[in-house]
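Data block for protein-v3.txt (compact mmCIF, C-alpha atoms and all ligand atoms):
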# COMPACT_ATOMS: atom_id res chain seq x y z
CA PRO A 1 -10.82 7.23 -23.43
CA GLU A 2 -11.78 3.64 -22.74
CA VAL A 3 -11.01 0.23 -24.23
CA ALA A 4 -13.58 -2.51 -24.74
CA LEU A 5 -12.57 -5.83 -23.18
CA ARG A 6 -13.27 -9.07 -24.94
CA SER A 7 -15.40 -10.33 -22.09
CA GLY A 8 -19.15 -10.20 -22.53
CA ASN A 9 -20.65 -7.89 -19.99
CA ALA A 10 -17.59 -6.04 -18.66
CA ARG A 11 -17.79 -2.27 -18.85
CA PRO A 12 -15.09 -0.65 -20.97
CA MET A 13 -11.82 -0.08 -19.14
CA PRO A 14 -10.74 3.59 -18.80
CA ALA A 15 -7.30 4.08 -20.36
CA VAL A 16 -5.68 5.40 -17.17
CA GLY A 17 -6.43 3.79 -13.83
CA MET A 18 -5.26 4.60 -10.34
CA GLY A 19 -3.06 2.04 -8.58
CA THR A 20 -3.31 1.45 -4.84
CA ALA A 21 -0.22 -0.66 -4.14
CA ALA A 22 0.91 1.38 -1.14
CA PRO A 23 1.56 -1.23 1.50
CA THR A 24 3.45 1.05 3.88
CA LEU A 25 0.74 3.69 4.16
CA VAL A 26 -2.22 3.75 6.55
CA PRO A 27 -5.66 2.83 5.11
CA GLU A 28 -6.85 6.41 5.55
CA ALA A 29 -4.21 7.57 3.02
CA THR A 30 -5.66 5.25 0.38
CA LYS A 31 -9.22 6.30 1.15
CA ASN A 32 -8.37 10.00 0.84
CA ALA A 33 -6.32 9.51 -2.30
CA VAL A 34 -9.12 7.54 -3.99
CA LEU A 35 -11.63 10.24 -3.10
CA ALA A 36 -9.29 12.88 -4.52
CA ALA A 37 -8.87 10.77 -7.66
CA ILE A 38 -12.62 10.41 -8.14
CA GLU A 39 -12.93 14.17 -7.76
CA VAL A 40 -10.40 14.84 -10.51
CA GLY A 41 -12.00 12.32 -12.85
CA TYR A 42 -10.58 8.82 -12.28
CA ARG A 43 -13.09 6.05 -12.89
CA HIS A 44 -10.72 3.07 -12.85
CA PHE A 45 -9.14 1.67 -9.67
CA ASP A 46 -6.75 -1.19 -9.19
CA THR A 47 -6.24 -3.08 -5.95
CA ALA A 48 -5.26 -6.59 -4.82
CA TYR A 49 -5.84 -8.84 -1.84
CA ILE A 50 -2.15 -8.56 -0.99
CA TYR A 51 -2.06 -4.73 -1.00
CA GLY A 52 -4.46 -4.47 1.93
CA THR A 53 -6.21 -1.60 0.12
CA GLU A 54 -9.46 -3.32 -0.87
CA LYS A 55 -11.32 -2.03 2.17
CA PRO A 56 -10.18 1.62 2.02
CA LEU A 57 -10.96 1.59 -1.70
CA GLY A 58 -14.46 0.27 -0.94
CA ASP A 59 -14.89 2.85 1.83
CA ALA A 60 -13.84 5.65 -0.52
CA VAL A 61 -16.26 4.58 -3.23
CA ALA A 62 -19.13 4.35 -0.73
CA GLU A 63 -18.32 7.85 0.46
CA ALA A 64 -18.02 9.15 -3.11
CA VAL A 65 -21.52 7.81 -3.83
CA ARG A 66 -22.82 9.35 -0.59
CA ARG A 67 -21.31 12.71 -1.50
CA GLY A 68 -22.68 12.49 -5.03
CA LEU A 69 -19.25 12.52 -6.71
CA VAL A 70 -20.49 9.53 -8.71
CA ALA A 71 -24.09 8.36 -9.02
CA SER A 72 -23.29 4.72 -8.29
CA ARG A 73 -20.59 2.08 -8.13
CA GLN A 74 -21.51 1.12 -11.72
CA GLU A 75 -19.68 4.21 -12.95
CA LEU A 76 -16.39 2.77 -11.76
CA PHE A 77 -14.14 0.05 -13.10
CA VAL A 78 -12.60 -1.90 -10.21
CA THR A 79 -9.91 -4.59 -10.47
CA SER A 80 -8.57 -6.85 -7.74
CA LYS A 81 -6.22 -9.83 -7.74
CA LEU A 82 -5.93 -13.35 -6.43
CA TRP A 83 -2.78 -13.85 -4.33
CA CYS A 84 -0.30 -16.73 -4.87
CA THR A 85 -1.43 -18.50 -1.68
CA GLN A 86 -4.97 -18.54 -3.12
CA CYS A 87 -3.96 -20.05 -6.48
CA HIS A 88 -5.55 -23.41 -5.73
CA PRO A 89 -8.67 -24.44 -7.68
CA ASP A 90 -10.84 -24.79 -4.55
CA LEU A 91 -9.63 -21.49 -3.01
CA VAL A 92 -10.32 -19.14 -5.93
CA LEU A 93 -14.05 -18.56 -5.39
CA PRO A 94 -13.68 -18.18 -1.58
CA ALA A 95 -10.84 -15.68 -2.20
CA LEU A 96 -13.03 -13.59 -4.50
CA ARG A 97 -15.89 -13.70 -1.99
CA GLN A 98 -13.45 -12.52 0.70
CA THR A 99 -12.33 -9.67 -1.56
CA LEU A 100 -15.94 -8.66 -2.22
CA GLU A 101 -16.60 -8.81 1.51
CA ALA A 102 -13.59 -6.55 2.19
CA CYS A 103 -15.11 -4.07 -0.25
CA ARG A 104 -18.63 -4.46 1.12
CA ASN A 105 -19.05 -0.80 1.97
CA LEU A 106 -18.97 -0.34 -1.74
CA GLN A 107 -21.95 -2.72 -1.96
CA MET A 108 -19.69 -4.19 -4.53
CA GLU A 109 -21.42 -7.37 -5.46
CA TYR A 110 -18.99 -7.80 -8.36
CA LEU A 111 -15.56 -6.84 -9.60
CA ASP A 112 -15.14 -5.47 -13.10
CA LEU A 113 -11.95 -7.49 -13.43
CA TYR A 114 -10.37 -10.24 -11.33
CA LEU A 115 -6.76 -11.18 -12.08
CA ILE A 116 -4.47 -14.01 -11.08
CA HIS A 117 -1.74 -11.84 -9.52
CA TRP A 118 1.29 -14.02 -10.45
CA PRO A 119 1.84 -17.30 -12.29
CA ILE A 120 3.07 -18.56 -8.94
CA CYS A 121 1.40 -20.98 -6.56
CA ILE A 122 2.29 -20.98 -2.87
CA LYS A 123 0.90 -23.34 -0.25
CA PRO A 124 -2.15 -21.84 1.49
CA VAL A 125 -0.08 -20.36 4.32
CA PRO A 126 -0.30 -16.74 5.59
CA PRO A 127 1.48 -14.55 3.01
CA SER A 128 5.07 -13.61 3.87
CA PHE A 129 7.82 -11.65 2.09
CA PRO A 130 9.85 -13.22 0.82
CA ALA A 131 7.93 -16.49 0.71
CA LYS A 132 9.73 -19.65 1.77
CA LYS A 133 10.94 -21.52 -1.24
CA GLU A 134 9.71 -24.82 0.16
CA ASP A 135 6.16 -23.39 0.13
CA ALA A 136 6.21 -23.05 -3.68
CA MET A 137 4.03 -25.54 -5.53
CA PRO A 138 3.48 -26.36 -9.20
CA PHE A 139 0.84 -24.05 -10.70
CA ASP A 140 -2.31 -25.85 -11.87
CA PHE A 141 -3.03 -23.48 -14.77
CA GLU A 142 -6.07 -25.39 -15.98
CA GLY A 143 -7.66 -25.90 -12.56
CA VAL A 144 -7.10 -22.33 -11.37
CA TRP A 145 -8.32 -20.82 -14.63
CA LEU A 146 -11.47 -23.00 -14.64
CA ALA A 147 -12.18 -21.67 -11.13
CA MET A 148 -11.71 -18.11 -12.47
CA GLU A 149 -14.21 -18.96 -15.24
CA GLU A 150 -16.67 -20.05 -12.56
CA CYS A 151 -16.29 -16.63 -10.86
CA HIS A 152 -17.14 -15.04 -14.19
CA ARG A 153 -20.14 -17.32 -14.79
CA LEU A 154 -21.50 -16.46 -11.34
CA GLY A 155 -21.35 -12.77 -12.27
CA LEU A 156 -18.89 -12.01 -9.46
CA ALA A 157 -16.19 -10.92 -11.91
CA LYS A 158 -17.40 -9.25 -15.12
CA ALA A 159 -14.06 -10.02 -16.71
CA ILE A 160 -11.20 -12.31 -15.71
CA GLY A 161 -7.54 -12.11 -16.52
CA VAL A 162 -3.98 -12.58 -15.40
CA SER A 163 -1.00 -10.54 -14.29
CA ASN A 164 2.74 -11.07 -14.71
CA PHE A 165 2.10 -13.87 -17.20
CA THR A 166 4.69 -14.53 -19.89
CA THR A 167 3.77 -15.88 -23.33
CA LYS A 168 4.64 -19.34 -22.02
CA HIS A 169 2.17 -19.07 -19.14
CA LEU A 170 -0.51 -17.68 -21.47
CA ASP A 171 0.02 -20.61 -23.83
CA LYS A 172 -0.84 -22.97 -20.99
CA VAL A 173 -4.04 -21.12 -20.08
CA LEU A 174 -5.18 -20.78 -23.69
CA ALA A 175 -4.55 -24.44 -24.41
CA ALA A 176 -6.62 -25.63 -21.47
CA THR A 177 -9.66 -23.38 -21.34
CA THR A 178 -12.70 -21.88 -23.05
CA ILE A 179 -12.75 -18.25 -21.85
CA PRO A 180 -9.45 -16.57 -22.75
CA PRO A 181 -8.01 -14.01 -20.30
CA ALA A 182 -9.39 -10.55 -21.09
CA VAL A 183 -6.32 -8.77 -19.69
CA ASN A 184 -2.68 -9.40 -18.83
CA GLN A 185 -1.39 -6.75 -16.41
CA VAL A 186 2.40 -6.56 -16.51
CA LEU A 187 5.37 -4.35 -15.73
CA LEU A 188 5.48 -2.02 -18.71
CA ASN A 189 6.97 1.42 -19.32
CA PRO A 190 9.49 3.02 -21.70
CA VAL A 191 12.31 1.27 -19.82
CA TRP A 192 10.64 -2.17 -20.02
CA GLN A 193 8.60 -2.12 -23.20
CA GLN A 194 7.49 -5.77 -23.41
CA ARG A 195 7.48 -5.86 -27.22
CA THR A 196 7.30 -9.63 -27.63
CA LEU A 197 4.56 -10.04 -25.05
CA ARG A 198 2.54 -7.19 -26.56
CA GLY A 199 2.76 -8.76 -30.00
CA TYR A 200 1.56 -12.07 -28.62
CA CYS A 201 -1.32 -10.49 -26.68
CA ALA A 202 -2.45 -8.46 -29.71
CA GLU A 203 -2.60 -11.66 -31.75
CA LYS A 204 -4.67 -13.44 -29.09
CA GLY A 205 -7.01 -10.51 -28.31
CA ILE A 206 -5.69 -10.11 -24.76
CA HIS A 207 -5.67 -6.47 -23.63
CA VAL A 208 -2.42 -5.37 -21.96
CA ALA A 209 -2.39 -3.17 -18.86
CA ALA A 210 0.80 -1.61 -17.49
CA TYR A 211 1.77 -1.52 -13.84
CA SER A 212 4.64 0.72 -12.73
CA PRO A 213 4.06 2.86 -15.85
CA LEU A 214 6.14 5.58 -14.16
CA GLY A 215 8.91 3.22 -13.13
CA GLY A 216 7.40 2.06 -9.85
CA GLN A 217 8.04 2.93 -6.25
CA ASN A 218 11.72 2.08 -5.99
CA TRP A 219 10.90 -1.64 -6.08
CA GLY A 220 13.98 -3.63 -5.10
CA GLY A 221 15.85 -0.41 -4.18
CA THR A 222 16.80 0.21 -7.79
CA GLY A 223 15.62 3.82 -8.02
CA ASN A 224 13.34 4.97 -10.83
CA ALA A 225 14.76 4.44 -14.30
CA VAL A 226 11.72 6.10 -15.93
CA LEU A 227 11.55 9.35 -13.98
CA GLU A 228 15.38 9.59 -14.12
CA SER A 229 15.63 8.93 -17.87
CA ASP A 230 17.56 11.61 -19.79
CA VAL A 231 15.83 10.63 -23.03
CA LEU A 232 12.37 11.10 -21.48
CA ALA A 233 13.51 14.32 -19.79
CA GLY A 234 14.60 15.72 -23.17
CA ILE A 235 11.27 14.85 -24.77
CA ALA A 236 9.33 16.26 -21.81
CA LYS A 237 11.19 19.57 -22.08
CA ALA A 238 10.57 19.82 -25.82
CA ARG A 239 6.84 19.09 -25.45
CA GLY A 240 6.30 21.24 -22.34
CA LYS A 241 5.13 18.16 -20.41
CA THR A 242 6.46 16.21 -17.45
CA ILE A 243 8.41 12.95 -17.73
CA ALA A 244 5.46 11.14 -16.15
CA GLN A 245 3.14 12.49 -18.84
CA VAL A 246 5.53 11.49 -21.63
CA SER A 247 5.67 7.95 -20.25
CA LEU A 248 1.89 7.67 -19.85
CA ARG A 249 1.29 9.19 -23.29
CA TRP A 250 3.69 6.71 -24.89
CA ILE A 251 1.94 3.80 -23.16
CA TYR A 252 -1.46 5.11 -24.28
CA GLU A 253 -0.22 5.39 -27.86
CA GLN A 254 0.78 1.73 -27.68
CA GLY A 255 -2.85 0.79 -26.95
CA VAL A 256 -1.97 -0.18 -23.38
CA THR A 257 -3.87 0.86 -20.23
CA SER A 258 -1.79 2.46 -17.46
CA ILE A 259 -2.26 1.75 -13.76
CA ALA A 260 -0.46 4.77 -12.32
CA LYS A 261 -0.02 5.18 -8.59
CA SER A 262 -0.10 8.62 -7.10
CA TYR A 263 -1.59 9.69 -3.81
CA ASN A 264 -0.93 13.36 -4.56
CA MET A 265 -3.75 15.52 -5.96
CA GLU A 266 -1.57 17.52 -8.38
CA ARG A 267 0.18 14.45 -9.75
CA LEU A 268 -3.11 12.55 -10.00
CA LYS A 269 -4.47 15.39 -12.13
CA GLN A 270 -1.31 15.64 -14.20
CA ASN A 271 -1.41 11.92 -14.97
CA LEU A 272 -4.82 12.27 -16.65
CA GLU A 273 -3.68 15.13 -18.86
CA ILE A 274 -2.28 13.01 -21.66
CA PHE A 275 -5.14 12.76 -24.13
CA ASP A 276 -5.06 16.07 -26.01
CA TRP A 277 -1.51 16.03 -27.38
CA GLU A 278 0.83 13.60 -29.14
CA LEU A 279 4.42 12.49 -29.23
CA THR A 280 6.26 13.08 -32.52
CA ASP A 281 7.72 10.29 -34.66
CA GLU A 282 11.14 11.41 -33.53
CA ASP A 283 10.08 11.12 -29.85
CA ARG A 284 8.74 7.62 -30.52
CA LEU A 285 11.97 6.60 -32.23
CA LYS A 286 14.04 7.86 -29.31
CA ILE A 287 11.84 6.00 -26.83
CA SER A 288 12.13 2.80 -28.86
CA GLN A 289 15.91 3.00 -28.43
CA ILE A 290 15.96 3.36 -24.64
CA PRO A 291 18.08 0.55 -23.11
CA GLN A 292 15.77 -1.98 -21.45
CA LYS A 293 15.86 -2.83 -17.76
CA LYS A 294 13.43 -4.96 -15.76
CA VAL A 295 12.85 -3.69 -12.22
CA VAL A 296 10.26 -6.14 -10.88
CA LYS A 297 11.26 -9.76 -10.90
CA GLY A 298 8.92 -12.49 -9.69
CA THR A 299 11.92 -14.28 -8.26
CA ASP A 300 12.11 -11.55 -5.59
CA LEU A 301 8.91 -12.95 -4.08
CA PHE A 302 10.95 -15.87 -2.83
CA SER A 303 13.89 -16.24 -0.50
CA ARG A 304 17.24 -16.18 -2.26
CA GLU A 305 18.23 -19.77 -1.67
CA GLY A 306 18.13 -21.37 -5.10
CA GLU A 307 16.37 -20.25 -8.24
CA PHE A 308 12.61 -20.37 -8.47
CA THR A 309 12.00 -21.71 -11.92
CA SER A 310 8.34 -21.05 -12.72
CA VAL A 311 9.21 -17.35 -13.19
CA ASP A 312 11.99 -17.42 -15.69
CA ALA A 313 13.67 -15.53 -18.47
CA ALA A 314 11.11 -16.42 -21.15
CA ASP A 315 9.89 -12.87 -21.25
CA LEU A 316 13.14 -10.96 -21.35
CA ASP A 317 12.03 -9.31 -24.55
CA VAL A 318 14.86 -6.86 -25.11
CA GLU A 319 14.99 -6.63 -28.87
P1 LIG B 401 3.31 9.84 -5.31
O1 LIG B 401 2.23 8.93 -4.79
O2 LIG B 401 4.00 10.59 -4.25
O3 LIG B 401 2.82 10.73 -6.44
P2 LIG B 401 4.14 3.78 -10.67
O4 LIG B 401 2.81 4.36 -11.03
O5 LIG B 401 5.03 3.56 -11.83
O6 LIG B 401 4.02 2.62 -9.74
O7 LIG B 401 5.03 4.85 -9.85
C1 LIG B 401 4.48 5.76 -9.12
C2 LIG B 401 5.52 6.52 -8.33
O8 LIG B 401 5.80 7.76 -8.98
C3 LIG B 401 4.91 6.81 -7.01
O9 LIG B 401 5.90 6.72 -6.03
C4 LIG B 401 4.35 8.22 -7.14
O10 LIG B 401 4.47 8.91 -5.93
C5 LIG B 401 5.22 8.83 -8.22
N1 LIG B 401 4.44 9.64 -9.18
C6 LIG B 401 3.19 9.44 -9.60
N2 LIG B 401 2.81 10.37 -10.51
C7 LIG B 401 3.89 11.18 -10.67
C8 LIG B 401 4.16 12.33 -11.47
N3 LIG B 401 3.23 12.83 -12.28
N4 LIG B 401 5.38 12.91 -11.36
C9 LIG B 401 6.32 12.41 -10.54
N5 LIG B 401 6.13 11.32 -9.76
C10 LIG B 401 4.93 10.71 -9.82
Would you write out, as structure tokens, the structure that this file holds?
Amino acid sequence: PEVALRSGNARPMPAVGMGTAAPTLVPEATKNAVLAAIEVGYRHFDTAYIYGTEKPLGDAVAEAVRRGLVASRQELFVTSKLWCTQCHPDLVLPALRQTLEACRNLQMEYLDLYLIHWPICIKPVPPSFPAKKEDAMPFDFEGVWLAMEECHRLGLAKAIGVSNFTTKHLDKVLAATTIPPAVNQVLLNPVWQQRTLRGYCAEKGIHVAAYSPLGGQNWGGTGNAVLESDVLAGIAKARGKTIAQVSLRWIYEQGVTSIAKSYNMERLKQNLEIFDWELTDEDRLKISQIPQKKVVKGTDLFSREGEFTSVDAADLDVE
């Protein structure tokens, strides 16, 4: 299944995409995993400048075309993201060109979707983790978004959007601009359901995509509240599915696209097998009552001294 994006000439976005945020692995691991994913049927891939996986993704797609696994790059939906140090109006287009260059083996003259990675602006210094607080700058929402619109007009990004934006950040973009974001990609899973944000995005016609739909890769050392959930384990047992499948199915039923990361062939396959069965009303009720816990906080991008205020509690939508 696919969802149409409200963005002119973008191809529809397949409902489950493969994530490539695997910063500790060698590029070859990403290339092999993407090839395996294409073989088992993935047509939607998510990368970012900061992941360092744009090139292996491009290499994998070129090889997939060579091997005839797909006829051309046009069969794939590819997303990448603008890093915080590039969130300056005059650096957006050069950043996208650099991304397209990194993917050049893909002969990828365009991205299907280009996202602002965080509503955070950092001085144009080499990226570091955590960033120095004194390198944070006010975010020029209007200027950066107008530069994103230019990328779209030039045909380099078929659709443009944002990531990790709260309703407050979206308000600023919508107030200032003519092309609304097609997508907001956020942390979303049964343990962080984002009800308020989803309601807002539905009203504004912004499609929501979920990162860490399976609870993430132990971000911040907090374990995995999704895969360890007793409620989800109970539902999985009753349905004869895995916890991962229950989570992805629930997200799909919410009309949200999942960006699931697995570099393992069996799990890649398993994560696509969610379209021919349903949760029951009782399952949905139980999931709606799971205590909410946010595992990725934008504040972690910065050193601990002091609070960084442009990522705040506006989106703590535990209801
Ligand atoms: P692996 O690459 O070894 O499969 P998220 O998509 O929420 O970011 O989290 C993905 C994490 O969950 C990854 O560490 C991934 O590891 C693991 N994972 C992915 N698919 C499954 C699955 N079907 N069952 C269990 N763990 C999974």
Exercise for the section: To one decimal in Å, tell me the separation between CA of Ala29 in chain A and CA of Glu54 in chain A. Expected result: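 The value is 12.7 Å.
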Can you list, as a short mmCIF file (atom, residue, chain, number, x, y, z; two decimals) with C-alpha atoms, in the frame of the given file, every protein, DNA or RNA residue that comes within 7 Å of Pro181 in chain A when you count all atoms listed in the file, leaving out same-chain residues fewer than 3 positions away?
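Now in around.cif:
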data_model
loop_
_atom_site.label_atom_id
_atom_site.label_comp_id
_atom_site.auth_asym_id
_atom_site.auth_seq_id
_atom_site.Cartn_x
_atom_site.Cartn_y
_atom_site.Cartn_z
CA ILE A 160 -11.20 -12.31 -15.71
CA GLY A 161 -7.54 -12.11 -16.52
CA VAL A 162 -3.98 -12.58 -15.40
CA ILE A 206 -5.69 -10.11 -24.76
#
Exercise for the section: Using all atoms listed in the file, pick whichever of A:Leu113, A:Cys201, A:Leu268, A:Leu93 has the shortest atom-to-atom distance to ligand LIG 401 (chain B). Expected result: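 Of the candidates, the smallest distance to ligand LIG 401 (chain B) is held by A:Leu268.
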Handout entry: Protein and nucleic residues near ligand LIG 401 (chain B), 9 Å, all atoms listed in the file, as JSON, numbers by chain
Key = {"A": [18, 19, 20, 21, 22, 33, 187, 188, 189, 210, 211, 212, 213, 214, 215, 216, 217, 218, 219, 224, 226, 227, 242, 243, 244, 245, 258, 259, 260, 261, 262, 263, 264, 265, 266, 267, 268, 269, 270, 271]}
Save out the residues we just selected, C-alpha atoms, as a PDB file, in the coordinates of the input.
ATOM      1  CA  MET A  18      -5.260   4.600 -10.340  1.00  0.00           C
ATOM      2  CA  GLY A  19      -3.060   2.040  -8.580  1.00  0.00           C
ATOM      3  CA  THR A  20      -3.310   1.450  -4.840  1.00  0.00           C
ATOM      4  CA  ALA A  21      -0.220  -0.660  -4.140  1.00  0.00           C
ATOM      5  CA  ALA A  22       0.910   1.380  -1.140  1.00  0.00           C
ATOM      6  CA  ALA A  33      -6.320   9.510  -2.300  1.00  0.00           C
ATOM      7  CA  LEU A 187       5.370  -4.350 -15.730  1.00  0.00           C
ATOM      8  CA  LEU A 188       5.480  -2.020 -18.710  1.00  0.00           C
ATOM      9  CA  ASN A 189       6.970   1.420 -19.320  1.00  0.00           C
ATOM     10  CA  ALA A 210       0.800  -1.610 -17.490  1.00  0.00           C
ATOM     11  CA  TYR A 211       1.770  -1.520 -13.840  1.00  0.00           C
ATOM     12  CA  SER A 212       4.640   0.720 -12.730  1.00  0.00           C
ATOM     13  CA  PRO A 213       4.060   2.860 -15.850  1.00  0.00           C
ATOM     14  CA  LEU A 214       6.140   5.580 -14.160  1.00  0.00           C
ATOM     15  CA  GLY A 215       8.910   3.220 -13.130  1.00  0.00           C
ATOM     16  CA  GLY A 216       7.400   2.060  -9.850  1.00  0.00           C
ATOM     17  CA  GLN A 217       8.040   2.930  -6.250  1.00  0.00           C
ATOM     18  CA  ASN A 218      11.720   2.080  -5.990  1.00  0.00           C
ATOM     19  CA  TRP A 219      10.900  -1.640  -6.080  1.00  0.00           C
ATOM     20  CA  ASN A 224      13.340   4.970 -10.830  1.00  0.00           C
ATOM     21  CA  VAL A 226      11.720   6.100 -15.930  1.00  0.00           C
ATOM     22  CA  LEU A 227      11.550   9.350 -13.980  1.00  0.00           C
ATOM     23  CA  THR A 242       6.460  16.210 -17.450  1.00  0.00           C
ATOM     24  CA  ILE A 243       8.410  12.950 -17.730  1.00  0.00           C
ATOM     25  CA  ALA A 244       5.460  11.140 -16.150  1.00  0.00           C
ATOM     26  CA  GLN A 245       3.140  12.490 -18.840  1.00  0.00           C
ATOM     27  CA  SER A 258      -1.790   2.460 -17.460  1.00  0.00           C
ATOM     28  CA  ILE A 259      -2.260   1.750 -13.760  1.00  0.00           C
ATOM     29  CA  ALA A 260      -0.460   4.770 -12.320  1.00  0.00           C
ATOM     30  CA  LYS A 261      -0.020   5.180  -8.590  1.00  0.00           C
ATOM     31  CA  SER A 262      -0.100   8.620  -7.100  1.00  0.00           C
ATOM     32  CA  TYR A 263      -1.590   9.690  -3.810  1.00  0.00           C
ATOM     33  CA  ASN A 264      -0.930  13.360  -4.560  1.00  0.00           C
ATOM     34  CA  MET A 265      -3.750  15.520  -5.960  1.00  0.00           C
ATOM     35  CA  GLU A 266      -1.570  17.520  -8.380  1.00  0.00           C
ATOM     36  CA  ARG A 267       0.180  14.450  -9.750  1.00  0.00           C
ATOM     37  CA  LEU A 268      -3.110  12.550 -10.000  1.00  0.00           C
ATOM     38  CA  LYS A 269      -4.470  15.390 -12.130  1.00  0.00           C
ATOM     39  CA  GLN A 270      -1.310  15.640 -14.200  1.00  0.00           C
ATOM     40  CA  ASN A 271      -1.410  11.920 -14.970  1.00  0.00           C
TER      41      ASN A 271
END
Practice task
May I ask for the distance between CA of Asn164 in chain A and CA of Val186 in chain A, given in Å to one decimal place?
Solution key: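 Value for the CA of Asn164 in chain A-CA of Val186 in chain A distance: 4.9 Å.
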Exercise for the section: Rank nothing, just name the residue among A:Pro190, A:Gly41, A:Pro14, A:Gly143 nearest to Ile251 in chain A, using all atoms listed in the file. Expected result: A:Pro190
Please report as JSON lines every residue of range 126-196 of chain A lying within 12 Å of range 75-82 of chain A, along with the nearest atom pair and their distance in Å (one decimal), using only C-alpha atoms.
{"residue": "A:Val144", "atom": "CA", "partner": "A:Leu82", "partner_atom": "CA", "distance": 10.3}
{"residue": "A:Trp145", "atom": "CA", "partner": "A:Leu82", "partner_atom": "CA", "distance": 11.3}
{"residue": "A:Ala147", "atom": "CA", "partner": "A:Leu82", "partner_atom": "CA", "distance": 11.4}
{"residue": "A:Met148", "atom": "CA", "partner": "A:Leu82", "partner_atom": "CA", "distance": 9.6}
{"residue": "A:Cys151", "atom": "CA", "partner": "A:Leu82", "partner_atom": "CA", "distance": 11.7}
{"residue": "A:Leu156", "atom": "CA", "partner": "A:Ser80", "partner_atom": "CA", "distance": 11.7}
{"residue": "A:Ala157", "atom": "CA", "partner": "A:Thr79", "partner_atom": "CA", "distance": 9.0}
{"residue": "A:Lys158", "atom": "CA", "partner": "A:Thr79", "partner_atom": "CA", "distance": 10.0}
{"residue": "A:Ala159", "atom": "CA", "partner": "A:Thr79", "partner_atom": "CA", "distance": 9.3}
{"residue": "A:Ile160", "atom": "CA", "partner": "A:Thr79", "partner_atom": "CA", "distance": 9.4}
{"residue": "A:Gly161", "atom": "CA", "partner": "A:Lys81", "partner_atom": "CA", "distance": 9.2}
{"residue": "A:Val162", "atom": "CA", "partner": "A:Lys81", "partner_atom": "CA", "distance": 8.4}
{"residue": "A:Ser163", "atom": "CA", "partner": "A:Lys81", "partner_atom": "CA", "distance": 8.4}
{"residue": "A:Asn164", "atom": "CA", "partner": "A:Lys81", "partner_atom": "CA", "distance": 11.4}
{"residue": "A:Val183", "atom": "CA", "partner": "A:Thr79", "partner_atom": "CA", "distance": 10.7}
{"residue": "A:Asn184", "atom": "CA", "partner": "A:Lys81", "partner_atom": "CA", "distance": 11.6}
{"residue": "A:Gln185", "atom": "CA", "partner": "A:Lys81", "partner_atom": "CA", "distance": 10.4}
Would you compute an axis-aligned box for range 124-138 of chain A, covering every atom listed for it in the file with 3 Å of margin on each side, and report centre and edge lengths in Å to one decimal as AutoDock Vina command-line options?
--center_x 4.4 --center_y -19.0 --center_z -1.8 --size_x 19.1 --size_y 20.7 --size_z 20.8
Exercise for the section: Rank nothing, just name the residue among A:Thr166, A:Asp300, A:Ile116, A:Pro291 nearest to Lys132 in chain A, using all atoms listed in the file. Expected result: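 Nearest to Lys132 in chain A: A:Asp300.
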Practice task
Work out how far apart CA of Gln292 in chain A and CA of Leu248 in chain A are and give it in Å to one decimal.
Solution key: 17.0 Å
Exercise for the section: Point out the residue among A:Cys84, A:Ile274, A:Leu154, A:Ala131 with the least atom-to-atom distance to Gly240 in chain A, counting only C-alpha atoms. Expected result: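 Going through A:Cys84, A:Ile274, A:Leu154, A:Ala131 one by one, the smallest distance to Gly240 in chain A is for A:Ile274.
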